Structure formats: structure tokens, C-alpha cells
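Novice: This is run.pdb (PDB, C-alpha atoms).
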```pdb
MODEL        1
ATOM      1  CA  MET A  16      79.582  45.247 152.613  1.00  0.00           C
ATOM      2  CA  SER A  17      82.104  47.037 154.801  1.00  0.00           C
ATOM      3  CA  ALA A  18      85.624  45.910 155.495  1.00  0.00           C
ATOM      4  CA  VAL A  19      86.810  45.562 159.056  1.00  0.00           C
ATOM      5  CA  THR A  20      90.186  47.170 159.563  1.00  0.00           C
ATOM      6  CA  THR A  21      92.557  47.092 162.461  1.00  0.00           C
ATOM      7  CA  PRO A  22      93.719  50.543 163.593  1.00  0.00           C
ATOM      8  CA  GLY A  23      97.241  51.260 162.402  1.00  0.00           C
ATOM      9  CA  LYS A  24      97.225  48.529 159.780  1.00  0.00           C
ATOM     10  CA  THR A  25      96.752  48.935 156.079  1.00  0.00           C
ATOM     11  CA  PRO A  26      95.540  46.261 153.659  1.00  0.00           C
ATOM     12  CA  GLY A  27      99.179  45.836 152.581  1.00  0.00           C
ATOM     13  CA  ASP A  28     100.015  44.580 156.073  1.00  0.00           C
ATOM     14  CA  VAL A  29      98.082  41.339 155.594  1.00  0.00           C
ATOM     15  CA  PRO A  30     100.493  38.419 155.990  1.00  0.00           C
ATOM     16  CA  ILE A  31     101.400  36.519 152.875  1.00  0.00           C
ATOM     17  CA  ARG A  32      99.957  33.028 152.827  1.00  0.00           C
ATOM     18  CA  ILE A  33     100.843  30.245 150.461  1.00  0.00           C
ATOM     19  CA  ARG A  34      99.203  26.884 150.004  1.00  0.00           C
ATOM     20  CA  ALA A  35     101.427  24.305 151.656  1.00  0.00           C
ATOM     21  CA  TYR A  36     101.448  21.230 149.429  1.00  0.00           C
ATOM     22  CA  GLY A  37      98.497  22.763 147.609  1.00  0.00           C
ATOM     23  CA  LEU A  38      96.208  21.900 150.511  1.00  0.00           C
ATOM     24  CA  PHE A  39      95.957  24.627 153.115  1.00  0.00           C
ATOM     25  CA  PRO A  40      97.020  28.268 153.349  1.00  0.00           C
ATOM     26  CA  ILE A  41      99.712  29.029 155.903  1.00  0.00           C
ATOM     27  CA  SER A  42     101.706  32.124 156.800  1.00  0.00           C
ATOM     28  CA  ARG A  43     105.479  32.128 157.067  1.00  0.00           C
ATOM     29  CA  ARG A  44     105.396  32.612 160.832  1.00  0.00           C
ATOM     30  CA  ALA A  45     102.986  29.703 161.363  1.00  0.00           C
ATOM     31  CA  TYR A  46     105.062  27.501 159.056  1.00  0.00           C
ATOM     32  CA  LEU A  47     108.276  28.266 160.931  1.00  0.00           C
ATOM     33  CA  ILE A  48     106.618  27.568 164.295  1.00  0.00           C
ATOM     34  CA  LEU A  49     105.326  24.247 162.958  1.00  0.00           C
ATOM     35  CA  GLN A  50     108.733  23.278 161.568  1.00  0.00           C
ATOM     36  CA  THR A  51     110.470  24.232 164.814  1.00  0.00           C
ATOM     37  CA  CYS A  52     108.123  21.959 166.766  1.00  0.00           C
ATOM     38  CA  CYS A  53     108.665  19.083 164.326  1.00  0.00           C
ATOM     39  CA  PHE A  54     112.458  19.446 164.296  1.00  0.00           C
ATOM     40  CA  THR A  55     112.471  19.589 168.093  1.00  0.00           C
ATOM     41  CA  ALA A  56     110.401  16.393 168.298  1.00  0.00           C
ATOM     42  CA  VAL A  57     112.725  14.554 165.886  1.00  0.00           C
ATOM     43  CA  LEU A  58     115.822  15.741 167.753  1.00  0.00           C
ATOM     44  CA  ALA A  59     114.253  14.676 171.062  1.00  0.00           C
ATOM     45  CA  ALA A  60     113.589  11.219 169.590  1.00  0.00           C
ATOM     46  CA  ILE A  61     117.210  10.964 168.404  1.00  0.00           C
ATOM     47  CA  VAL A  62     118.497  11.914 171.854  1.00  0.00           C
ATOM     48  CA  TRP A  63     116.078   9.486 173.498  1.00  0.00           C
ATOM     49  CA  LEU A  64     117.291   6.644 171.277  1.00  0.00           C
ATOM     50  CA  ALA A  65     120.901   7.555 172.045  1.00  0.00           C
ATOM     51  CA  VAL A  66     120.326   7.627 175.808  1.00  0.00           C
ATOM     52  CA  ALA A  67     117.990   4.621 176.051  1.00  0.00           C
ATOM     53  CA  PRO A  68     118.320   2.407 172.973  1.00  0.00           C
ATOM     54  CA  PRO A  69     115.420   0.001 172.399  1.00  0.00           C
ATOM     55  CA  ASP A  70     115.842  -3.693 173.221  1.00  0.00           C
ATOM     56  CA  THR A  71     115.226  -5.223 169.807  1.00  0.00           C
ATOM     57  CA  ASP A  72     116.349  -8.653 171.004  1.00  0.00           C
ATOM     58  CA  ALA A  73     113.272  -8.808 173.220  1.00  0.00           C
ATOM     59  CA  TYR A  74     111.071  -8.290 170.148  1.00  0.00           C
ATOM     60  CA  ARG A  75     112.941 -10.980 168.234  1.00  0.00           C
ATOM     61  CA  LYS A  76     112.461 -13.433 171.137  1.00  0.00           C
ATOM     62  CA  LEU A  77     108.785 -12.497 171.196  1.00  0.00           C
ATOM     63  CA  ALA A  78     108.584 -13.221 167.460  1.00  0.00           C
ATOM     64  CA  GLU A  79     110.070 -16.691 168.009  1.00  0.00           C
ATOM     65  CA  THR A  80     107.359 -17.599 170.520  1.00  0.00           C
ATOM     66  CA  ALA A  81     104.512 -15.892 168.646  1.00  0.00           C
ATOM     67  CA  PRO A  82     102.192 -17.707 166.229  1.00  0.00           C
ATOM     68  CA  VAL A  83     103.391 -17.821 162.627  1.00  0.00           C
ATOM     69  CA  THR A  84     100.901 -15.182 161.491  1.00  0.00           C
ATOM     70  CA  ASP A  85     102.174 -12.684 164.091  1.00  0.00           C
ATOM     71  CA  ARG A  86     105.891 -13.053 163.338  1.00  0.00           C
ATOM     72  CA  PRO A  87     106.300 -10.778 160.276  1.00  0.00           C
ATOM     73  CA  PRO A  88     104.926  -7.609 161.943  1.00  0.00           C
ATOM     74  CA  ILE A  89     107.007  -8.151 165.085  1.00  0.00           C
ATOM     75  CA  GLU A  90     110.162  -8.782 163.054  1.00  0.00           C
ATOM     76  CA  ALA A  91     109.445  -5.713 160.913  1.00  0.00           C
ATOM     77  CA  PHE A  92     109.022  -3.600 164.044  1.00  0.00           C
ATOM     78  CA  ALA A  93     112.363  -4.884 165.359  1.00  0.00           C
ATOM     79  CA  LYS A  94     114.029  -3.931 162.053  1.00  0.00           C
ATOM     80  CA  VAL A  95     112.513  -0.441 162.207  1.00  0.00           C
ATOM     81  CA  LEU A  96     113.853  -0.041 165.740  1.00  0.00           C
ATOM     82  CA  ASP A  97     117.283  -1.247 164.576  1.00  0.00           C
ATOM     83  CA  HIS A  98     117.340   1.476 161.921  1.00  0.00           C
ATOM     84  CA  ALA A  99     115.524   4.185 163.899  1.00  0.00           C
ATOM     85  CA  HIS A 100     118.558   6.498 164.000  1.00  0.00           C
ATOM     86  CA  THR A 101     118.975   6.303 160.227  1.00  0.00           C
ATOM     87  CA  ILE A 102     115.267   6.873 159.661  1.00  0.00           C
ATOM     88  CA  LEU A 103     115.176   9.882 161.997  1.00  0.00           C
ATOM     89  CA  PHE A 104     118.282  11.452 160.452  1.00  0.00           C
ATOM     90  CA  ALA A 105     116.712  10.995 157.000  1.00  0.00           C
ATOM     91  CA  VAL A 106     113.511  12.667 158.235  1.00  0.00           C
ATOM     92  CA  LEU A 107     115.606  15.511 159.647  1.00  0.00           C
ATOM     93  CA  ALA A 108     117.520  15.988 156.378  1.00  0.00           C
ATOM     94  CA  LEU A 109     114.393  15.832 154.214  1.00  0.00           C
ATOM     95  CA  GLY A 110     112.652  18.256 156.582  1.00  0.00           C
ATOM     96  CA  ALA A 111     115.523  20.712 156.164  1.00  0.00           C
ATOM     97  CA  VAL A 112     115.283  20.455 152.371  1.00  0.00           C
ATOM     98  CA  GLU A 113     111.522  20.952 152.545  1.00  0.00           C
ATOM     99  CA  THR A 114     111.955  24.003 154.800  1.00  0.00           C
ATOM    100  CA  VAL A 115     114.352  25.640 152.347  1.00  0.00           C
ATOM    101  CA  TRP A 116     111.943  24.885 149.489  1.00  0.00           C
ATOM    102  CA  MET A 117     108.964  26.377 151.344  1.00  0.00           C
ATOM    103  CA  LEU A 118     110.926  29.484 152.383  1.00  0.00           C
ATOM    104  CA  CYS A 119     111.795  30.003 148.706  1.00  0.00           C
ATOM    105  CA  LYS A 120     108.069  29.799 147.930  1.00  0.00           C
ATOM    106  CA  PHE A 121     107.359  32.429 150.611  1.00  0.00           C
ATOM    107  CA  ARG A 122     110.066  34.693 149.170  1.00  0.00           C
ATOM    108  CA  ALA A 123     108.631  34.306 145.658  1.00  0.00           C
ATOM    109  CA  ALA A 124     105.129  35.119 146.936  1.00  0.00           C
ATOM    110  CA  ALA A 125     106.433  38.234 148.712  1.00  0.00           C
ATOM    111  CA  THR A 126     108.188  39.358 145.539  1.00  0.00           C
ATOM    112  CA  ARG A 127     105.025  38.789 143.472  1.00  0.00           C
ATOM    113  CA  ASN A 128     103.069  40.960 145.909  1.00  0.00           C
ATOM    114  CA  GLY A 129     105.604  43.757 145.609  1.00  0.00           C
ATOM    115  CA  ARG A 130     107.071  43.384 149.081  1.00  0.00           C
ATOM    116  CA  PRO A 131     110.750  43.120 149.812  1.00  0.00           C
ATOM    117  CA  PRO A 132     111.723  39.669 151.167  1.00  0.00           C
ATOM    118  CA  GLY A 133     112.693  41.086 154.583  1.00  0.00           C
ATOM    119  CA  ASP A 134     109.396  42.945 155.092  1.00  0.00           C
ATOM    120  CA  PRO A 135     108.129  42.147 158.641  1.00  0.00           C
ATOM    121  CA  ALA A 136     104.484  42.506 157.544  1.00  0.00           C
ATOM    122  CA  ALA A 137     104.967  39.664 155.058  1.00  0.00           C
ATOM    123  CA  ASN A 138     106.033  37.338 157.870  1.00  0.00           C
ATOM    124  CA  ALA A 139     103.143  37.847 160.286  1.00  0.00           C
TER
ENDMDL
END
```
Give the structure from this file in C-alpha cells form.

Specialist:
Amino acid sequence: MSAVTTPGKTPGDVPIRIRAYGLFPISRRAYLILQTCCFTAVLAAIVWLAVAPPDTDAYRKLAETAPVTDRPPIEAFAKVLDHAHTILFAVLALGAVETVWMLCKFRAAATRNGRPPGDPAANA
């Protein structure tokens, strides 16, 4: 069996991958792109809620006219919309903590493989 090599690259240039949540291997670059997209989406939702807040009173009026079995989900949805800013800020804060934790895992994996933490090949 022969190994396929890319010209100019050595086997040490293979990006370091860790198992995110023990499920799937991901490189540091892919993880940071994913986190950037997620943080951007959460920030866009926060801005959207600040510019055009949802009309929760309309949902509460709908719950009053709805059959008894349909009231709890509508009221719960109205409560979620009331606390959407708090929920999104909590998601943002927990995402930041998770990002720091994962970057520490990437640094530990780079150190285990004998690469300095700032090695560009480890980030590909």
C-alpha cells in the first residue's frame, strides 16, 4: 500500500484533529469557522430582537381564544419570546466558555504531538 503525499508537505504537516464532544473529528480551523458562524447567527438574532421585538401579547390573546388543550404550548412560546434576549445571551456566554475549552483541547493535542501551539500546520 502506498501513501499519497502532497508535494511540499511532510507527514508532520497533517492538521491536528480532536474529537469534538467525543463524536466527530474536527480541525482547529474548521472548529473556528463553525463557531464564528454560530456566534454571528446568535448576534444577528439579538440585534433582530432589539430592532423588531416580538408581539407576545398577540400570542397571549391567541391562547385565550384557543381550545384548552392548545393553551399551554402557546403560553410557553410567549414566555420563551419574553425571555429571548436572556436565553440568547446565555447561549452566547456558554458558547464562549465552550470555545475556550475546545481551544485548550487543541493546544493540548498540539503539545502531545510535539508541535508548538502557534504552529500554522497544526491549525490547517

Novice: So that I can see what lies close to A:Leu103, please list as a list in words the residues with an atom at most 9 Å from it, counting only C-alpha atoms and leaving out residues fewer than 6 positions away in the same chain.

Specialist: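 Final neighbour list, sorted by chain and number: Val57, Leu58, Ala60 and Ile61 of chain A.
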
Novice: What would the file look like if the residues just selected were written as a PDB file, keeping the file's coordinate frame with C-alpha atoms?

Specialist:
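Just written: selection10.pdb:
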```
ATOM      1  CA  VAL A  57     112.725  14.554 165.886  1.00  0.00           C
ATOM      2  CA  LEU A  58     115.822  15.741 167.753  1.00  0.00           C
ATOM      3  CA  ALA A  60     113.589  11.219 169.590  1.00  0.00           C
ATOM      4  CA  ILE A  61     117.210  10.964 168.404  1.00  0.00           C
TER       5      ILE A  61
END
```

Novice: Step by step: start from the point (113.2, 2.3, 171.3) in the file's coordinates, keep every protein, DNA or RNA residue that has an atom no farther than 7 Å from it, count all atoms listed in the file, and write the set as a list of chain:residue names.

Specialist: A:Leu64, A:Pro68, A:Pro69, A:Asp70, A:Leu96

Novice: Using all atoms listed in the file, can you tell me which of A:Glu90, A:Val106, A:Ser42, A:Thr80 comes closest to A:Ala56?

Specialist: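 When distances to A:Ala56 are compared using all atoms listed in the file, the smallest one comes from A:Val106.
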
Novice: If you measure from atom CA of A:Ala111 to atom CA of A:Phe54, what distance in Å do you get, rounded to one decimal?

Specialist: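 Result for atom CA of A:Ala111 versus atom CA of A:Phe54: 8.8 Å, one decimal.
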
Novice: Interatomic distance between atom CA of A:Leu107 and atom CA of A:Cys52?

Specialist: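 Spanning atom CA of A:Leu107 to atom CA of A:Cys52 is a straight-line distance of 12.2 Å.
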
Novice: What is the atom CA of A:Phe92-atom CA of A:Thr71 distance in Å, reported with one decimal?

Specialist: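 Taking atom CA of A:Phe92 as the start and atom CA of A:Thr71 as the end point, the length is 8.6 Å.
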
Novice: May I have the residues within 9 Å of A:Arg43 as a ChimeraX atom specification, using all atoms listed in the file and disregarding those fewer than 2 positions away in the same chain?

Specialist: /A:30-33,41,45-48,117-118,121,137-139
